[in-house]
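In what follows, a single structure is set out as structure tokens and then discussed.
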Amino acid sequence: MDCGKSTLALQMNYNHGRQGRRGLVLTKHDRSGGPKVTSRIGLGLEAIEVDDSLDLLGLVTSYERVDYLICDEACFYTVEQIEQLADLVDEHGVDVYAFGLASDFRATMFPAAQRLFELADEVCRLQVEVLCWCGRPGLLNARVVGGVMARTGEQVVIGDTGDEPVRYQVLCRRHHRSGQLGEGSGGAATA
Ligand SMILES: [Zn+2]
């Protein structure tokens, strides 16, 4: 969901770095396709790509000093990696800031996001102006395949798969439930 969370992650990294703190920026499946955190306002930063086998404890302890971690797209990490983040906070004194979506295109929580909610000291929903086409607050992320809202499928699909283009659209709860994508959304009828 393009709602400014990556921008906030980068801003947070800048603020900590300016105070002389040392940190690492982690991401997964970033929109640039490479190990980099990018945001729609054009900020960019080299980041460590988190694949499923990466041991975050091992990663952090391989550095001389890490004061904080910025974890972008944390909803796509493994549940085990979320546990490792909690260990880093409790056993190693690392401050961890995790950013990501709570729920997938079916409005079901990502397993990693659920574990984060269970373990986090603090959870905030970002207050950003993302609106549904009807003007209500955009709370849910719909997957649109070939112009139609998908109700089933793999939890994580990035980019095009097979024949039909895949995109994501932010909707209010009402229109996520009804599947109405609004006018000019590039649906099959208007494409
Ligand atoms: Zn709506």
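To be explicit about the labels: the chains of the structure tokens are called A, B, and onward in the order shown, and within each one the residues are counted from 1, while ligands get numbers from 1 in the order they are shown.
Pocket residues of ligand 1, taken as those with any atom at most 12 Å away using only C-alpha atoms and all ligand atoms, are Val130, Leu131, Cys132, Trp133, Cys134, Gly135, Arg136, Pro137, Gly138, Leu139, Leu140, Asn141, Ala142, Gln169, Val170, Leu171, Cys172, Arg173, Arg174, His175, His176, Arg177, Ser178, Gly179, Gln180, Leu181, Gly182 and Glu183 of chain A.
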Any chance you can output those residues with N, CA and C atoms as a PDB file, in the first residue's frame?
ATOM      1  N   VAL A 130      -4.762   8.576   2.810  1.00  0.00           N
ATOM      2  CA  VAL A 130      -5.017   7.700   1.674  1.00  0.00           C
ATOM      3  C   VAL A 130      -6.516   7.464   1.655  1.00  0.00           C
ATOM      4  N   LEU A 131      -7.125   7.823   0.550  1.00  0.00           N
ATOM      5  CA  LEU A 131      -8.574   7.740   0.478  1.00  0.00           C
ATOM      6  C   LEU A 131      -9.012   6.726  -0.569  1.00  0.00           C
ATOM      7  N   CYS A 132     -10.132   6.096  -0.288  1.00  0.00           N
ATOM      8  CA  CYS A 132     -10.826   5.284  -1.287  1.00  0.00           C
ATOM      9  C   CYS A 132     -11.364   6.226  -2.368  1.00  0.00           C
ATOM     10  N   TRP A 133     -11.733   5.672  -3.501  1.00  0.00           N
ATOM     11  CA  TRP A 133     -12.284   6.511  -4.573  1.00  0.00           C
ATOM     12  C   TRP A 133     -13.558   7.229  -4.150  1.00  0.00           C
ATOM     13  N   CYS A 134     -14.218   6.720  -3.102  1.00  0.00           N
ATOM     14  CA  CYS A 134     -15.463   7.340  -2.651  1.00  0.00           C
ATOM     15  C   CYS A 134     -15.204   8.462  -1.644  1.00  0.00           C
ATOM     16  N   GLY A 135     -13.938   8.595  -1.207  1.00  0.00           N
ATOM     17  CA  GLY A 135     -13.615   9.663  -0.269  1.00  0.00           C
ATOM     18  C   GLY A 135     -13.484   9.218   1.173  1.00  0.00           C
ATOM     19  N   ARG A 136     -13.908   7.989   1.460  1.00  0.00           N
ATOM     20  CA  ARG A 136     -13.722   7.485   2.831  1.00  0.00           C
ATOM     21  C   ARG A 136     -12.263   7.093   3.050  1.00  0.00           C
ATOM     22  N   PRO A 137     -11.843   6.994   4.312  1.00  0.00           N
ATOM     23  CA  PRO A 137     -10.461   6.581   4.564  1.00  0.00           C
ATOM     24  C   PRO A 137     -10.170   5.214   3.936  1.00  0.00           C
ATOM     25  N   GLY A 138      -9.021   5.120   3.278  1.00  0.00           N
ATOM     26  CA  GLY A 138      -8.617   3.851   2.675  1.00  0.00           C
ATOM     27  C   GLY A 138      -7.943   2.982   3.714  1.00  0.00           C
ATOM     28  N   LEU A 139      -8.569   1.894   4.094  1.00  0.00           N
ATOM     29  CA  LEU A 139      -8.064   1.057   5.185  1.00  0.00           C
ATOM     30  C   LEU A 139      -7.550  -0.287   4.703  1.00  0.00           C
ATOM     31  N   LEU A 140      -7.989  -0.727   3.535  1.00  0.00           N
ATOM     32  CA  LEU A 140      -7.677  -2.089   3.089  1.00  0.00           C
ATOM     33  C   LEU A 140      -7.119  -2.057   1.677  1.00  0.00           C
ATOM     34  N   ASN A 141      -6.305  -3.039   1.402  1.00  0.00           N
ATOM     35  CA  ASN A 141      -5.567  -3.089   0.146  1.00  0.00           C
ATOM     36  C   ASN A 141      -6.155  -4.212  -0.697  1.00  0.00           C
ATOM     37  N   ALA A 142      -6.725  -3.862  -1.824  1.00  0.00           N
ATOM     38  CA  ALA A 142      -7.318  -4.880  -2.691  1.00  0.00           C
ATOM     39  C   ALA A 142      -6.332  -5.296  -3.766  1.00  0.00           C
ATOM     40  N   GLN A 169      -5.024  -1.764  -5.026  1.00  0.00           N
ATOM     41  CA  GLN A 169      -5.783  -0.522  -4.907  1.00  0.00           C
ATOM     42  C   GLN A 169      -6.303  -0.389  -3.478  1.00  0.00           C
ATOM     43  N   VAL A 170      -6.143   0.795  -2.921  1.00  0.00           N
ATOM     44  CA  VAL A 170      -6.608   1.056  -1.563  1.00  0.00           C
ATOM     45  C   VAL A 170      -8.098   1.378  -1.588  1.00  0.00           C
ATOM     46  N   LEU A 171      -8.833   0.694  -0.733  1.00  0.00           N
ATOM     47  CA  LEU A 171     -10.286   0.884  -0.668  1.00  0.00           C
ATOM     48  C   LEU A 171     -10.733   1.073   0.780  1.00  0.00           C
ATOM     49  N   CYS A 172     -11.891   1.684   0.942  1.00  0.00           N
ATOM     50  CA  CYS A 172     -12.514   1.713   2.263  1.00  0.00           C
ATOM     51  C   CYS A 172     -13.062   0.308   2.555  1.00  0.00           C
ATOM     52  N   ARG A 173     -13.458   0.076   3.794  1.00  0.00           N
ATOM     53  CA  ARG A 173     -13.949  -1.265   4.141  1.00  0.00           C
ATOM     54  C   ARG A 173     -15.194  -1.627   3.333  1.00  0.00           C
ATOM     55  N   ARG A 174     -16.098  -0.650   3.172  1.00  0.00           N
ATOM     56  CA  ARG A 174     -17.339  -0.909   2.447  1.00  0.00           C
ATOM     57  C   ARG A 174     -17.057  -1.398   1.017  1.00  0.00           C
ATOM     58  N   HIS A 175     -16.149  -0.691   0.340  1.00  0.00           N
ATOM     59  CA  HIS A 175     -15.903  -1.059  -1.060  1.00  0.00           C
ATOM     60  C   HIS A 175     -14.948  -2.244  -1.193  1.00  0.00           C
ATOM     61  N   HIS A 176     -14.165  -2.500  -0.143  1.00  0.00           N
ATOM     62  CA  HIS A 176     -13.386  -3.745  -0.147  1.00  0.00           C
ATOM     63  C   HIS A 176     -14.340  -4.929  -0.044  1.00  0.00           C
ATOM     64  N   ARG A 177     -15.361  -4.766   0.789  1.00  0.00           N
ATOM     65  CA  ARG A 177     -16.317  -5.867   0.963  1.00  0.00           C
ATOM     66  C   ARG A 177     -17.168  -6.073  -0.280  1.00  0.00           C
ATOM     67  N   SER A 178     -17.545  -4.970  -0.939  1.00  0.00           N
ATOM     68  CA  SER A 178     -18.412  -5.099  -2.116  1.00  0.00           C
ATOM     69  C   SER A 178     -17.624  -5.363  -3.395  1.00  0.00           C
ATOM     70  N   GLY A 179     -16.333  -5.062  -3.366  1.00  0.00           N
ATOM     71  CA  GLY A 179     -15.517  -5.280  -4.566  1.00  0.00           C
ATOM     72  C   GLY A 179     -15.649  -4.199  -5.615  1.00  0.00           C
ATOM     73  N   GLN A 180     -16.267  -3.080  -5.268  1.00  0.00           N
ATOM     74  CA  GLN A 180     -16.430  -1.998  -6.241  1.00  0.00           C
ATOM     75  C   GLN A 180     -15.147  -1.170  -6.296  1.00  0.00           C
ATOM     76  N   LEU A 181     -14.611  -1.031  -7.498  1.00  0.00           N
ATOM     77  CA  LEU A 181     -13.313  -0.382  -7.674  1.00  0.00           C
ATOM     78  C   LEU A 181     -13.432   1.074  -8.115  1.00  0.00           C
ATOM     79  N   GLY A 182     -14.642   1.535  -8.357  1.00  0.00           N
ATOM     80  CA  GLY A 182     -14.827   2.943  -8.725  1.00  0.00           C
ATOM     81  C   GLY A 182     -14.576   3.186 -10.199  1.00  0.00           C
ATOM     82  N   GLU A 183     -14.882   4.407 -10.626  1.00  0.00           N
ATOM     83  CA  GLU A 183     -14.693   4.775 -12.026  1.00  0.00           C
ATOM     84  C   GLU A 183     -13.227   5.059 -12.300  1.00  0.00           C
TER      85      GLU A 183
END
Test item, alpha helix (DSSP H) assignment across stretch 2-147 of chain A, answer as JSON, numbers by chain: {"A": [5, 6, 7, 8, 9, 10, 11, 12, 13, 14, 15, 16, 17, 18, 56, 57, 58, 59, 60, 61, 79, 80, 81, 82, 83, 84, 85, 86, 87, 88, 89, 90, 91, 92, 111, 112, 113, 114, 115, 116, 117, 118, 119]}
I'd like to know which residues of stretch 5-127 of chain A are strand (DSSP E) (by DSSP, run on the backbone); could you write them as a PyMOL selection string? chain A and resi 23-27+36-38+44-46+48-49+68-71+95-98
Selected residues, C-alpha atoms, written as a PDB file, in the first residue's frame, please.
ATOM      1  CA  GLY A  23      21.548   1.444  12.430  1.00  0.00           C
ATOM      2  CA  LEU A  24      20.688  -0.928   9.652  1.00  0.00           C
ATOM      3  CA  VAL A  25      17.828  -0.658   7.189  1.00  0.00           C
ATOM      4  CA  LEU A  26      16.173  -3.916   6.188  1.00  0.00           C
ATOM      5  CA  THR A  27      13.555  -4.528   3.550  1.00  0.00           C
ATOM      6  CA  LYS A  36      16.830  -0.729  -1.428  1.00  0.00           C
ATOM      7  CA  VAL A  37      14.066   1.150   0.329  1.00  0.00           C
ATOM      8  CA  THR A  38      12.402   3.535  -2.059  1.00  0.00           C
ATOM      9  CA  GLY A  44      16.210   6.110  -1.477  1.00  0.00           C
ATOM     10  CA  LEU A  45      18.612   4.223   0.696  1.00  0.00           C
ATOM     11  CA  GLU A  46      20.678   1.088   0.399  1.00  0.00           C
ATOM     12  CA  ILE A  48      19.656  -5.284   3.361  1.00  0.00           C
ATOM     13  CA  GLU A  49      17.263  -7.660   1.648  1.00  0.00           C
ATOM     14  CA  TYR A  68      18.639   0.405  15.932  1.00  0.00           C
ATOM     15  CA  LEU A  69      16.973  -1.437  13.076  1.00  0.00           C
ATOM     16  CA  ILE A  70      14.524  -0.012  10.591  1.00  0.00           C
ATOM     17  CA  CYS A  71      12.544  -2.947   9.200  1.00  0.00           C
ATOM     18  CA  ASP A  95      15.700  -0.517  19.131  1.00  0.00           C
ATOM     19  CA  VAL A  96      13.542  -2.048  16.404  1.00  0.00           C
ATOM     20  CA  TYR A  97      11.125  -0.064  14.280  1.00  0.00           C
ATOM     21  CA  ALA A  98       9.030  -2.240  11.983  1.00  0.00           C
TER      22      ALA A  98
END
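With only C-alpha atoms as the atoms that count, the minimum distance from A:Asp72 to the choices A:His92, A:Leu59, A:Ala47, A:Ser53 is reached by A:Ala47.
With only C-alpha atoms as the atoms that count, the minimum distance from A:Leu88 to the choices A:Val60, A:Val145, A:Leu119, A:Leu10 is reached by A:Val60.
With only C-alpha atoms as the basis for measurement, A:Glu73 is the residue among A:Glu118, A:Asp67, A:Asp52, A:Glu73 that approaches A:Lys28 most closely.
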Interatomic distance, atom CA of A:Val166 to atom CA of A:Leu126 (Å, one decimal): 25.1 Å
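Distances to A:Ala112 were evaluated for A:Val89, A:Ala74, A:Val148, A:Val94 using only C-alpha atoms, and the minimum falls at A:Ala74.
Rounded to one decimal, atom CA of A:Arg115 and atom CA of A:Glu83 lie 7.9 Å from each other.
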